[in-house]
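What follows is the content of model11.csv, which has CSV, C-alpha atoms and all ligand atoms:
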chain,number,residue,atom,x,y,z
A,1,ILE,CA,86.7,113.5,116.3
A,2,HIS,CA,89.6,115.9,116.6
A,3,LEU,CA,89.7,119.6,117.2
A,4,ASP,CA,91.3,120.2,113.9
A,5,SER,CA,92.6,118.5,110.8
A,6,ASN,CA,96.2,118.9,111.9
A,7,THR,CA,95.9,116.8,115.0
A,8,ALA,CA,93.7,114.3,113.2
A,9,SER,CA,96.2,113.9,110.4
A,10,LEU,CA,99.0,113.4,112.9
A,11,SER,CA,97.0,110.6,114.5
A,12,VAL,CA,96.5,108.9,111.1
A,13,ALA,CA,100.2,109.3,110.2
A,14,ASN,CA,101.2,107.8,113.6
A,15,GLU,CA,98.9,104.8,112.9
A,16,ILE,CA,100.4,104.2,109.5
A,17,ALA,CA,103.9,104.6,110.9
A,18,SER,CA,103.2,102.1,113.6
A,19,LEU,CA,101.9,99.5,111.1
A,20,ILE,CA,105.0,100.0,108.9
A,21,LYS,CA,107.3,99.5,111.9
A,22,LEU,CA,105.4,96.5,113.2
A,23,LYS,CA,105.7,94.8,109.8
A,24,GLN,CA,109.4,95.7,109.6
A,25,GLU,CA,109.9,93.9,113.0
A,26,GLU,CA,108.1,90.9,111.6
A,27,GLY,CA,110.2,91.0,108.4
A,28,LYS,CA,107.1,91.6,106.3
A,29,LYS,CA,105.8,94.2,103.9
A,30,ALA,CA,103.2,96.7,104.8
A,31,VAL,CA,100.6,97.2,102.1
A,32,LEU,CA,99.0,100.6,102.0
A,33,GLY,CA,96.0,101.8,100.0
A,34,LEU,CA,96.4,105.5,99.3
A,35,ALA,CA,94.2,108.4,98.3
A,36,THR,CA,94.8,111.7,96.6
A,37,GLY,CA,92.9,115.0,96.9
A,38,SER,CA,93.2,117.7,99.5
A,39,THR,CA,92.2,115.5,102.5
A,40,PRO,CA,95.3,113.3,103.0
A,41,ILE,CA,97.9,116.0,102.2
A,42,LYS,CA,98.8,116.6,105.9
A,43,VAL,CA,99.1,112.9,106.6
A,44,TYR,CA,101.7,112.7,103.8
A,45,GLU,CA,103.5,115.7,105.2
A,46,TYR,CA,103.8,114.0,108.5
A,47,LEU,CA,105.0,110.7,107.0
A,48,VAL,CA,107.7,112.7,105.0
A,49,GLN,CA,108.7,114.5,108.2
A,50,PHE,CA,109.0,111.1,110.1
A,51,HIS,CA,111.2,109.9,107.3
A,52,LYS,CA,113.4,113.0,107.2
A,53,GLU,CA,113.9,112.8,110.9
A,54,GLY,CA,115.2,109.2,110.4
A,55,ARG,CA,112.3,107.7,112.3
A,56,LEU,CA,110.6,105.8,109.4
A,57,SER,CA,111.8,103.9,106.4
A,58,PHE,CA,109.5,102.9,103.5
A,59,LYS,CA,111.7,100.1,102.2
A,60,ASN,CA,109.2,97.5,103.2
A,61,VAL,CA,106.2,99.4,102.0
A,62,ILE,CA,104.0,98.5,99.0
A,63,THR,CA,101.3,101.0,97.9
A,64,PHE,CA,98.2,100.9,95.7
A,65,ASN,CA,96.5,104.2,94.9
A,66,LEU,CA,92.7,104.2,94.7
A,67,ASP,CA,92.2,105.9,91.4
A,68,GLU,CA,93.3,108.0,88.4
A,69,TYR,CA,91.5,110.1,85.9
A,70,PHE,CA,90.9,108.6,82.4
A,71,PRO,CA,92.3,109.5,80.0
A,72,MET,CA,95.4,110.9,81.8
A,73,GLU,CA,99.0,110.9,80.9
A,74,PRO,CA,101.2,110.1,84.0
A,75,GLY,CA,103.4,113.1,83.3
A,76,SER,CA,100.5,115.6,83.3
A,77,ILE,CA,100.3,118.2,86.1
A,78,HIS,CA,96.8,116.9,86.7
A,79,SER,CA,97.7,113.3,87.1
A,80,TYR,CA,97.5,111.5,90.4
A,81,VAL,CA,101.0,110.1,89.6
A,82,ARG,CA,102.3,113.6,89.8
A,83,PHE,CA,100.3,114.4,92.9
A,84,MET,CA,101.7,111.3,94.8
A,85,LYS,CA,105.3,112.1,93.7
A,86,GLU,CA,104.9,115.7,94.8
A,87,HIS,CA,103.3,115.0,98.2
A,88,LEU,CA,105.0,111.7,99.1
A,89,PHE,CA,107.0,109.4,96.8
A,90,ASP,CA,109.7,111.9,95.8
A,91,HIS,CA,110.6,112.5,99.5
A,92,ILE,CA,110.8,109.0,100.9
A,93,ASP,CA,112.8,105.8,100.4
A,94,ILE,CA,110.1,103.6,98.8
A,95,GLU,CA,111.2,101.2,96.0
A,96,PRO,CA,109.7,102.5,92.8
A,97,ASP,CA,108.6,99.0,91.9
A,98,ASN,CA,106.5,98.9,95.0
A,99,ILE,CA,104.3,101.9,93.9
A,100,HIS,CA,101.1,101.1,92.0
A,101,ILE,CA,98.8,103.8,90.6
A,102,PRO,CA,96.1,103.0,88.1
A,103,ASN,CA,97.3,103.9,84.6
A,104,GLY,CA,95.1,106.5,82.9
A,105,ASP,CA,97.0,106.2,79.7
A,106,LEU,CA,95.7,103.0,78.2
A,107,GLY,CA,93.8,102.1,75.1
A,108,MET,CA,90.1,101.3,75.6
A,109,GLU,CA,90.7,97.7,74.7
A,110,GLU,CA,93.4,97.3,77.4
A,111,VAL,CA,91.4,98.7,80.3
A,112,ARG,CA,89.5,95.6,81.4
A,113,LYS,CA,92.5,93.3,81.5
A,114,TYR,CA,94.5,96.1,83.3
A,115,CYS,CA,91.9,96.4,86.0
A,116,GLU,CA,91.8,92.7,86.5
A,117,ASP,CA,95.6,92.7,86.9
A,118,TYR,CA,95.4,95.5,89.4
A,119,GLU,CA,93.1,93.4,91.6
A,120,GLU,CA,95.4,90.4,91.1
A,121,LYS,CA,98.4,92.4,92.2
A,122,ILE,CA,96.7,93.5,95.4
A,123,LYS,CA,95.7,89.9,96.1
A,124,ASN,CA,99.3,88.6,95.3
A,125,VAL,CA,100.8,90.7,98.0
A,126,GLY,CA,98.3,89.5,100.6
A,127,GLY,CA,95.7,92.3,100.4
A,128,LEU,CA,95.6,95.8,101.8
A,129,ASP,CA,96.7,96.3,105.4
A,130,ILE,CA,95.3,99.8,105.6
A,131,GLN,CA,93.2,101.8,103.1
A,132,ILE,CA,92.9,105.5,103.7
A,133,LEU,CA,90.0,107.4,102.1
A,134,GLY,CA,88.6,110.9,101.6
A,135,ILE,CA,84.9,111.3,100.8
A,136,GLY,CA,83.4,113.2,97.9
A,137,ARG,CA,80.2,115.4,98.2
A,138,THR,CA,78.4,112.6,96.3
A,139,GLY,CA,79.4,110.1,99.0
A,140,HIS,CA,82.0,108.6,96.7
A,141,ILE,CA,84.9,106.6,98.1
A,142,GLY,CA,87.7,106.3,95.6
A,143,PHE,CA,85.7,107.3,92.5
A,144,ASN,CA,82.9,104.9,93.3
A,145,GLU,CA,80.1,107.2,92.5
A,146,PRO,CA,76.4,106.7,93.4
A,147,GLY,CA,75.1,103.5,91.9
A,148,SER,CA,78.4,101.6,92.6
A,149,THR,CA,77.7,98.2,94.1
A,150,LEU,CA,79.1,96.6,97.3
A,151,ASN,CA,81.1,94.0,95.4
A,152,SER,CA,82.4,96.3,92.6
A,153,LYS,CA,86.0,95.8,91.7
A,154,THR,CA,88.7,98.0,89.9
A,155,ARG,CA,87.1,99.4,86.8
A,156,LEU,CA,86.5,102.3,84.5
A,157,ILE,CA,83.7,104.6,85.7
A,158,ARG,CA,81.9,107.7,84.6
A,159,LEU,CA,82.4,110.6,87.0
A,160,ASP,CA,79.4,112.3,88.6
A,161,ARG,CA,78.7,115.9,87.5
A,162,VAL,CA,79.2,117.1,91.1
A,163,THR,CA,82.6,115.5,91.3
A,164,ARG,CA,83.6,117.1,88.0
A,165,LEU,CA,82.4,120.5,89.2
A,166,ASP,CA,84.4,120.1,92.4
A,167,ALA,CA,87.5,119.3,90.3
A,168,ALA,CA,86.9,122.2,87.8
A,169,SER,CA,89.1,124.8,89.5
A,170,ASP,CA,92.1,122.4,89.4
A,171,PHE,CA,91.5,121.9,85.7
A,172,PHE,CA,90.7,125.6,84.9
A,173,GLY,CA,87.1,124.8,83.9
A,174,GLU,CA,84.7,121.9,84.1
A,175,GLU,CA,85.0,121.2,80.4
A,176,ASN,CA,88.7,120.2,81.0
A,177,VAL,CA,87.9,117.7,83.7
A,178,PRO,CA,88.1,114.1,82.4
A,179,LYS,CA,84.7,112.4,82.2
A,180,ARG,CA,86.0,109.1,83.4
A,181,ALA,CA,88.4,107.5,85.9
A,182,ILE,CA,89.8,104.1,86.8
A,183,THR,CA,89.0,103.3,90.4
A,184,MET,CA,89.4,100.5,92.8
A,185,GLY,CA,85.9,99.1,93.5
A,186,VAL,CA,83.9,99.3,96.8
A,187,GLY,CA,84.6,95.6,97.1
A,188,THR,CA,88.4,96.2,96.7
A,189,ILE,CA,88.3,98.8,99.4
A,190,MET,CA,86.1,96.6,101.7
A,191,GLY,CA,88.8,93.9,101.4
A,192,ALA,CA,91.3,96.0,103.3
A,193,ARG,CA,91.9,94.8,106.9
A,194,LYS,CA,91.6,98.4,108.2
A,195,ILE,CA,89.9,101.4,106.6
A,196,ILE,CA,90.4,105.0,107.7
A,197,LEU,CA,88.1,107.6,106.2
A,198,MET,CA,89.1,111.2,106.8
A,199,ALA,CA,87.1,114.4,106.4
A,200,TRP,CA,87.7,118.0,107.2
A,201,GLY,CA,85.5,121.1,107.2
A,202,GLU,CA,81.9,121.9,107.4
A,203,GLY,CA,81.4,121.2,103.7
A,204,LYS,CA,81.8,117.5,104.4
A,205,SER,CA,79.4,117.5,107.4
A,206,ASN,CA,76.2,116.6,105.5
A,207,ILE,CA,77.7,113.7,103.6
A,208,ILE,CA,79.5,112.4,106.8
A,209,GLN,CA,76.2,112.4,108.6
A,210,GLN,CA,74.6,110.3,105.8
A,211,ALA,CA,77.6,108.0,105.6
A,212,VAL,CA,77.7,107.3,109.3
A,213,GLU,CA,74.1,107.5,110.4
A,214,GLY,CA,72.2,107.0,107.1
A,215,LYS,CA,70.6,103.9,105.7
A,216,ILE,CA,73.1,101.7,103.7
A,217,LYS,CA,72.4,102.4,100.0
A,218,GLU,CA,74.1,102.5,96.6
A,219,SER,CA,73.2,106.1,96.2
A,220,VAL,CA,75.7,107.0,99.0
A,221,PRO,CA,78.5,104.5,98.4
A,222,ALA,CA,80.3,105.5,101.7
A,223,THR,CA,77.4,104.0,103.6
A,224,PHE,CA,78.8,100.5,102.6
A,225,LEU,CA,81.6,101.2,105.1
A,226,GLN,CA,79.1,100.5,107.8
A,227,HIS,CA,79.4,96.8,106.9
A,228,HIS,CA,83.2,96.9,107.6
A,229,GLU,CA,84.4,95.5,110.9
A,230,ASN,CA,87.5,97.7,111.3
A,231,CYS,CA,86.7,101.1,109.8
A,232,ASP,CA,87.4,104.4,111.5
A,233,PHE,CA,86.1,107.8,110.5
A,234,VAL,CA,88.7,110.4,111.5
A,235,LEU,CA,87.0,113.9,111.5
A,236,ASP,CA,87.7,117.4,112.6
A,237,SER,CA,84.9,119.0,114.6
A,238,ALA,CA,83.4,120.9,111.7
A,239,ALA,CA,83.1,117.7,109.6
A,240,ALA,CA,81.5,116.0,112.6
A,241,SER,CA,79.0,118.8,113.3
A,242,SER,CA,75.9,117.3,111.7
A,243,LEU,CA,76.3,113.9,113.6
A,244,THR,CA,73.5,113.4,116.1
A,301,LIG,C1,91.0,110.6,95.7
A,301,LIG,C2,89.7,110.0,95.9
A,301,LIG,C3,88.5,110.8,96.2
A,301,LIG,C4,88.7,111.9,97.2
A,301,LIG,C5,87.4,112.7,97.4
A,301,LIG,C6,87.7,113.9,98.4
A,301,LIG,O1,92.0,109.6,95.4
A,301,LIG,O2,89.6,108.8,95.8
A,301,LIG,O3,87.5,109.9,96.7
A,301,LIG,O4,89.1,111.4,98.4
A,301,LIG,O5,87.0,113.2,96.2
A,301,LIG,O6,88.5,114.8,97.8
A,301,LIG,P1,89.1,116.0,98.6
A,301,LIG,O7,90.1,115.3,99.6
A,301,LIG,O8,89.9,116.8,97.7
A,301,LIG,O9,88.0,116.7,99.3
Let me see the structure of the file written as structure tokens.
Amino acid sequence: IHLDSNTASLSVANEIASLIKLKQEEGKKAVLGLATGSTPIKVYEYLVQFHKEGRLSFKNVITFNLDEYFPMEPGSIHSYVRFMKEHLFDHIDIEPDNIHIPNGDLGMEEVRKYCEDYEEKIKNVGGLDIQILGIGRTGHIGFNEPGSTLNSKTRLIRLDRVTRLDAASDFFGEENVPKRAITMGVGTIMGARKIILMAWGEGKSNIIQQAVEGKIKESVPATFLQHHENCDFVLDSAAASSLT
């Protein structure tokens, strides 16, 4: 628990940077699972800053993003492709071939195979070293909405009404928010060797309390993280305020 989201974000950025450097020393790749949304923005700002100061290279980094709306054209201002470019990828020296973001621009008949291939790609690079997460008001991680199972894999899902309402202002109205998304599964996330879930602000305090102290259940997918052996919740004091 940190006093504010700024110091919390710096600690997460430092942890990611340390992993990247350690892997560099070992001549290996660092495999990062990345999230979008408002929560990780400051972490990305710090990573960009480290790079600009000449302290961190991303040449040995491979990334997999958690999710993308469906349907969604990669060039759309609403796409997570655009988000990641704006906040991170356009400002660092990562190899474009090492970036993976679920493609929201597929035909229905292509989706299943695409999702299986996404899982294969993660496996083929040795799995995720660190997965960073935000949390939705529904308790979703990635876009694994209530009802998602512990072993779920990358797939097309239907977004919860609450999630679509939360995204409505970005899309200038709920009716414009896509009804579906492609997301890594809970099982995909649980496969990461380290998980860091971040949450800021009082609005997240109730769901954080349920995720950390509540019974493990499908109706709050973030509770599954209680099963993980190496998972940190990094919170500001407001997000932690309902913990007992
Ligand atoms: C984003 C994602 C979502 C968000 C969550 C919180 O890639 O997977 O689970 O992390 O909806 O969103 P913010 O950070 O905007 O509160």
Let me have all residues with an atom within 9 Å of ligand LIG 301 (chain A), counting all atoms listed in the file, laid out as number ranges by chain. A: 34-41, 65-68, 80, 132-145, 163, 166-167, 183-184, 197-200, 204
Expected file: the selected residues, C-alpha atoms, as a compact mmCIF listing (two decimals), keeping the file's coordinate frame:
# COMPACT_ATOMS: atom_id res chain seq x y z
CA LEU A 34 96.40 105.50 99.30
CA ALA A 35 94.20 108.40 98.30
CA THR A 36 94.80 111.70 96.60
CA GLY A 37 92.90 115.00 96.90
CA SER A 38 93.20 117.70 99.50
CA THR A 39 92.20 115.50 102.50
CA PRO A 40 95.30 113.30 103.00
CA ILE A 41 97.90 116.00 102.20
CA ASN A 65 96.50 104.20 94.90
CA LEU A 66 92.70 104.20 94.70
CA ASP A 67 92.20 105.90 91.40
CA GLU A 68 93.30 108.00 88.40
CA TYR A 80 97.50 111.50 90.40
CA ILE A 132 92.90 105.50 103.70
CA LEU A 133 90.00 107.40 102.10
CA GLY A 134 88.60 110.90 101.60
CA ILE A 135 84.90 111.30 100.80
CA GLY A 136 83.40 113.20 97.90
CA ARG A 137 80.20 115.40 98.20
CA THR A 138 78.40 112.60 96.30
CA GLY A 139 79.40 110.10 99.00
CA HIS A 140 82.00 108.60 96.70
CA ILE A 141 84.90 106.60 98.10
CA GLY A 142 87.70 106.30 95.60
CA PHE A 143 85.70 107.30 92.50
CA ASN A 144 82.90 104.90 93.30
CA GLU A 145 80.10 107.20 92.50
CA THR A 163 82.60 115.50 91.30
CA ASP A 166 84.40 120.10 92.40
CA ALA A 167 87.50 119.30 90.30
CA THR A 183 89.00 103.30 90.40
CA MET A 184 89.40 100.50 92.80
CA LEU A 197 88.10 107.60 106.20
CA MET A 198 89.10 111.20 106.80
CA ALA A 199 87.10 114.40 106.40
CA TRP A 200 87.70 118.00 107.20
CA LYS A 204 81.80 117.50 104.40
Do you have the CA of Ala192 (chain A)-CA of Gly127 (chain A) distance handy? 6.4 Å
Of the candidates A:Lys179, A:Ala30, A:Tyr118, A:Pro96, which shows the shortest atom-to-atom distance to Phe70 (chain A), using all atoms listed in the file?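 Counting all atoms listed in the file, the residue closest to Phe70 (chain A) is A:Lys179.
Taking all atoms listed in the file into account, Ile99 (chain A) lies nearest to A:Leu32 out of the set A:Leu32, A:Val48, A:Ile130, A:Ala240.
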Please measure the separation of CA of Ile157 (chain A) and CA of Gly185 (chain A), giving the value in Å to one decimal.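 Going from CA of Ile157 (chain A) over to CA of Gly185 (chain A) covers 9.8 Å.
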